[in-house]
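K.L.:
What follows is a single structure, and I will ask about it in a moment.
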Amino acid sequence: MNHSSKRIAIVGAGPGGLTLARVLQMAGYSPVVYEGEASRYERQQGGTLDLETDSGQKALQAAGLLESFYEICRFEGQSSKIVDKNGKVYQEDTADQAPDSVQYSRPEIDRTVLRDLLLDSLRPDTIQWGYKCLEAVPVGDRQYALHFENGQKDVVDLVVAADGAFSRIRPLVSEAKAEYSGVSMIELNILDAANHSPGLAAFNGPGTVYALDDRKGMIAQMNGDGRIRVYLGFQAERDFLESVDIPYDEPEKAKPKLLALFADWADELKPYISCANGAITPRRIYMLPVPHTWESRAGVTLIGDAAHLMSPFAGAGANLAMLDGAELALSLINHDELDTAVRQYEQKMFDYAGAVAAETKANMELFFSDNAAAKLGDLMKSFINP
């Protein structure tokens with residue numbers, strides 16, 4: 001029978017969960033999205049994303065939002081430059097300005113702008129804000145009771161975990177846990193870069209600079225709001241972020257200590273630290289086993305980081321989450337049996353996500369290897385001139 005009347009709960013209002021909800025609504029379903037944040041404005045959503053044609057853009061096409069995306073994305077944001085610690089350039093590209101470009105197919109969009117595009121496409125009552133899911137408990141053979149921090153409860157026919165790296169739902173289908181990847185990052189922000197640091201803004205350009213050497217790196221991205229978001233990356237032990245004794249909540253005291261970690265790097269690269277005028281945020285990078293699979297279970301499934309958490313070194317996280325959302329929605333729409341739909345989605349997702357997770361792991365190892373800038377330059381050239 002048709003299962004559009006089944007109660008489908010999506011735990012998490014990230015790109016994957018919102019894409020799933022949008023595609024389902026277009027087909028007449030009424031999913032509910034539970035989100036722990038109090039509103040869309042509770043926190044800054046992070047930096048810029050590049051959406052690929054065969055994943056993020058494919059998902060937006062299924063959601064009927066691709067043309068709207070083209071109106072607000074930044075094709076020039078695909079520009080890139082790869083240098084070593086001495087400033088030697090190994091690869092530099094300037095992106096085309098058209099969505100049908102053959103050479104460039106990953107236009108940029110800030111995470112907040114993308115989330116707003118998806119949120120605004122949904123019916124106003126779709127998101128239940130302030131619902132932090134604590135657990136999902138089986139009720140009978142095929143339903144789950146969701147328990148929320150605010151004391152509320154809901155019983156659903158299908159619970160979709162879109163709740164990220166440390167998912168509360170994942171243990172229902174998998175014993176795998178997110179583990180430290182061996183890489184730590186420190187995020188800095190250069191707000192209003194064109195006016196605050198015009199020389200650095202000109203050096204960076206509208207896209208991304210990859211400065212890699214000594215098994216560490218600076219990755220700097222121009223964002224749509226005019227800031228340069230900088231990620232300092234380190235191949236390091238798990239306690240590295242504490243051992244360096246940096247006062248992250250006191251930027252002016254933190255910057256000299258960060259500069260000391262890059263003391264012999266080129267003068268044109270050091271302003272990525274010295275010019276920082278925003279928050280400084282330390283982060284450990286976590287990942288799930290590669291590949292990550294599980295035995296299908298009635299009434300529950302995973303998408304996005306809950307399903308295949310990986311490092312950010314292929315820019316694939318949001319792209320895959322959105323593709324997951326679209327693929328799961330289409331499978332639900334096209335199969336009468338709920339369990340069959342979920343199982344078909346999972347088998348398809350295991351294939352494409354496993355391949356990308358392996359690629360991402362290899363990229364992470366490359367970024368923190370000897371002669372990383374030269375290796376990345378060669379890799380980028382192989383994509384442009386296969």
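Each chain in the structure tokens gets a letter, A, B and so on, in the order shown; residues start at 1 in every chain, and ligands are counted from 1 in the order they appear.
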Give me, as a Markdown table, the closest atom pair and its distance (Å, one decimal) for every residue of segment 150-247 of chain A within a cut-off of 12 Å of segment 260-268 of chain A, counting only C-alpha atoms, rows sorted by chain and rising number.

P.N.:
```
| residue | atom | partner | partner_atom | distance |
| --- | --- | --- | --- | --- |
| A:Ile186 | CA | A:Leu261 | CA | 11.8 |
| A:Ser197 | CA | A:Glu268 | CA | 11.9 |
| A:Gly199 | CA | A:Glu268 | CA | 9.1 |
| A:Leu200 | CA | A:Glu268 | CA | 7.7 |
| A:Ala201 | CA | A:Glu268 | CA | 11.2 |
| A:Ala202 | CA | A:Glu268 | CA | 11.1 |
| A:Phe203 | CA | A:Glu268 | CA | 8.1 |
| A:Asn204 | CA | A:Glu268 | CA | 10.1 |
| A:Val209 | CA | A:Glu268 | CA | 11.9 |
| A:Ala211 | CA | A:Trp265 | CA | 9.6 |
| A:Leu212 | CA | A:Trp265 | CA | 10.1 |
| A:Asp213 | CA | A:Trp265 | CA | 9.0 |
| A:Asp214 | CA | A:Phe262 | CA | 9.5 |
| A:Arg215 | CA | A:Phe262 | CA | 11.5 |
| A:Lys216 | CA | A:Phe262 | CA | 9.2 |
| A:Gly217 | CA | A:Phe262 | CA | 9.2 |
| A:Met218 | CA | A:Phe262 | CA | 9.6 |
| A:Leu232 | CA | A:Phe262 | CA | 9.8 |
| A:Gly233 | CA | A:Leu261 | CA | 10.9 |
| A:Phe234 | CA | A:Leu261 | CA | 10.0 |
| A:Val244 | CA | A:Leu261 | CA | 9.2 |
| A:Asp245 | CA | A:Leu261 | CA | 11.9 |
| A:Ile246 | CA | A:Leu261 | CA | 11.0 |
```

K.L.:
Quick one: of A:Tyr248, A:Cys275, A:Val137, A:Thr208, who's nearest to Ile190 of chain A, counting only C-alpha atoms?

P.N.:
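Result for the nearest residue to Ile190 of chain A: A:Cys275.
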
K.L.:
Measure the distance from atom CA of Ile10 of chain A to atom CA of Lys361 of chain A in Å and round it to one decimal.

P.N.:
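Going from atom CA of Ile10 of chain A over to atom CA of Lys361 of chain A, I get 28.1 Å.
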
K.L.:
Looking only at the backbone, which of the residues in segment 163-315 of chain A does DSSP tag as helix (DSSP H, G or I), as a PyMOL selection string?

P.N.:
chain A and resi 170-172+193-196+198-204+240-243+251-260+271-274+305-308

K.L.:
Dump C-alpha atoms for the selected residues as a PDB file, in the first residue's frame?

P.N.:
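Saved file result_34.pdb follows:
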```
ATOM      1  CA  ARG A 170      23.103   5.447  15.111  1.00  0.00           C
ATOM      2  CA  PRO A 171      23.455   2.841  17.938  1.00  0.00           C
ATOM      3  CA  LEU A 172      20.123   1.347  16.872  1.00  0.00           C
ATOM      4  CA  ALA A 193      38.674  41.100   4.660  1.00  0.00           C
ATOM      5  CA  ALA A 194      38.617  43.492   1.690  1.00  0.00           C
ATOM      6  CA  ASN A 195      38.647  46.515   3.996  1.00  0.00           C
ATOM      7  CA  HIS A 196      40.449  45.108   7.018  1.00  0.00           C
ATOM      8  CA  PRO A 198      43.084  44.307   1.455  1.00  0.00           C
ATOM      9  CA  GLY A 199      46.504  42.878   0.610  1.00  0.00           C
ATOM     10  CA  LEU A 200      45.583  39.481   2.028  1.00  0.00           C
ATOM     11  CA  ALA A 201      42.178  39.568   0.324  1.00  0.00           C
ATOM     12  CA  ALA A 202      43.887  40.211  -3.005  1.00  0.00           C
ATOM     13  CA  PHE A 203      46.377  37.400  -2.401  1.00  0.00           C
ATOM     14  CA  ASN A 204      43.589  34.997  -1.449  1.00  0.00           C
ATOM     15  CA  PHE A 240      47.404  18.474  20.698  1.00  0.00           C
ATOM     16  CA  LEU A 241      44.857  21.294  20.998  1.00  0.00           C
ATOM     17  CA  GLU A 242      45.348  21.363  24.775  1.00  0.00           C
ATOM     18  CA  SER A 243      49.091  20.714  24.771  1.00  0.00           C
ATOM     19  CA  PRO A 251      42.457  36.023  20.195  1.00  0.00           C
ATOM     20  CA  GLU A 252      45.104  38.693  20.686  1.00  0.00           C
ATOM     21  CA  LYS A 253      46.994  36.455  23.096  1.00  0.00           C
ATOM     22  CA  ALA A 254      46.407  33.378  20.933  1.00  0.00           C
ATOM     23  CA  LYS A 255      47.755  34.790  17.682  1.00  0.00           C
ATOM     24  CA  PRO A 256      51.444  35.057  18.714  1.00  0.00           C
ATOM     25  CA  LYS A 257      51.371  31.429  19.871  1.00  0.00           C
ATOM     26  CA  LEU A 258      49.769  30.358  16.581  1.00  0.00           C
ATOM     27  CA  LEU A 259      52.334  32.338  14.596  1.00  0.00           C
ATOM     28  CA  ALA A 260      55.082  30.511  16.467  1.00  0.00           C
ATOM     29  CA  PRO A 271      48.789  37.426   7.799  1.00  0.00           C
ATOM     30  CA  TYR A 272      46.237  34.596   7.733  1.00  0.00           C
ATOM     31  CA  ILE A 273      46.987  34.451  11.456  1.00  0.00           C
ATOM     32  CA  SER A 274      48.125  37.971  12.337  1.00  0.00           C
ATOM     33  CA  ASP A 305      27.375  12.384   9.064  1.00  0.00           C
ATOM     34  CA  ALA A 306      25.289   9.979  11.126  1.00  0.00           C
ATOM     35  CA  ALA A 307      25.808   7.453   8.318  1.00  0.00           C
ATOM     36  CA  HIS A 308      29.297   8.208   6.970  1.00  0.00           C
TER      37      HIS A 308
END
```

K.L.:
Assign secondary structure with DSSP using the backbone only, and return the residues of segment 65-244 of chain A in strand (DSSP E or B) as number ranges by chain.

P.N.:
A: 74, 80-83, 89-93, 108-110, 127-129, 133-139, 143-148, 153-156, 158-161, 179-190, 208-213, 216-222, 228-235

K.L.:
Could the residues of segment 242-348 of chain A that have an atom at most 12 Å from segment 149-158 of chain A be listed as a tab-separated table, each with its closest atom pair and the distance in Å to one decimal, counting only C-alpha atoms and ordered by chain and ascending residue number?

P.N.:
```
residue	atom	partner	partner_atom	distance
A:Arg297	CA	A:Leu158	CA	10.4
A:Ala298	CA	A:Leu158	CA	8.0
A:Gly299	CA	A:Leu158	CA	4.3
A:Val300	CA	A:Leu158	CA	5.5
A:Thr301	CA	A:Leu158	CA	7.9
A:Leu302	CA	A:Leu158	CA	10.7
A:Leu328	CA	A:Leu158	CA	11.7
A:Leu332	CA	A:Leu158	CA	10.6
A:Glu337	CA	A:Leu158	CA	11.9
A:Leu338	CA	A:Leu158	CA	8.2
A:Asp339	CA	A:Leu158	CA	9.2
A:Ala341	CA	A:Leu158	CA	11.1
A:Val342	CA	A:Leu158	CA	9.3
```

K.L.:
Check the smallest atom-to-atom distance from each of A:Ala374, A:Cys73, A:Met364, A:Leu66 to Asp110 of chain A using only C-alpha atoms, then report the winner.

P.N.:
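Closest candidate: A:Cys73.
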
K.L.:
Distance atom CA of Gln44 of chain A-atom CA of Ala162 of chain A, one decimal place?

P.N.:
18.4 Å
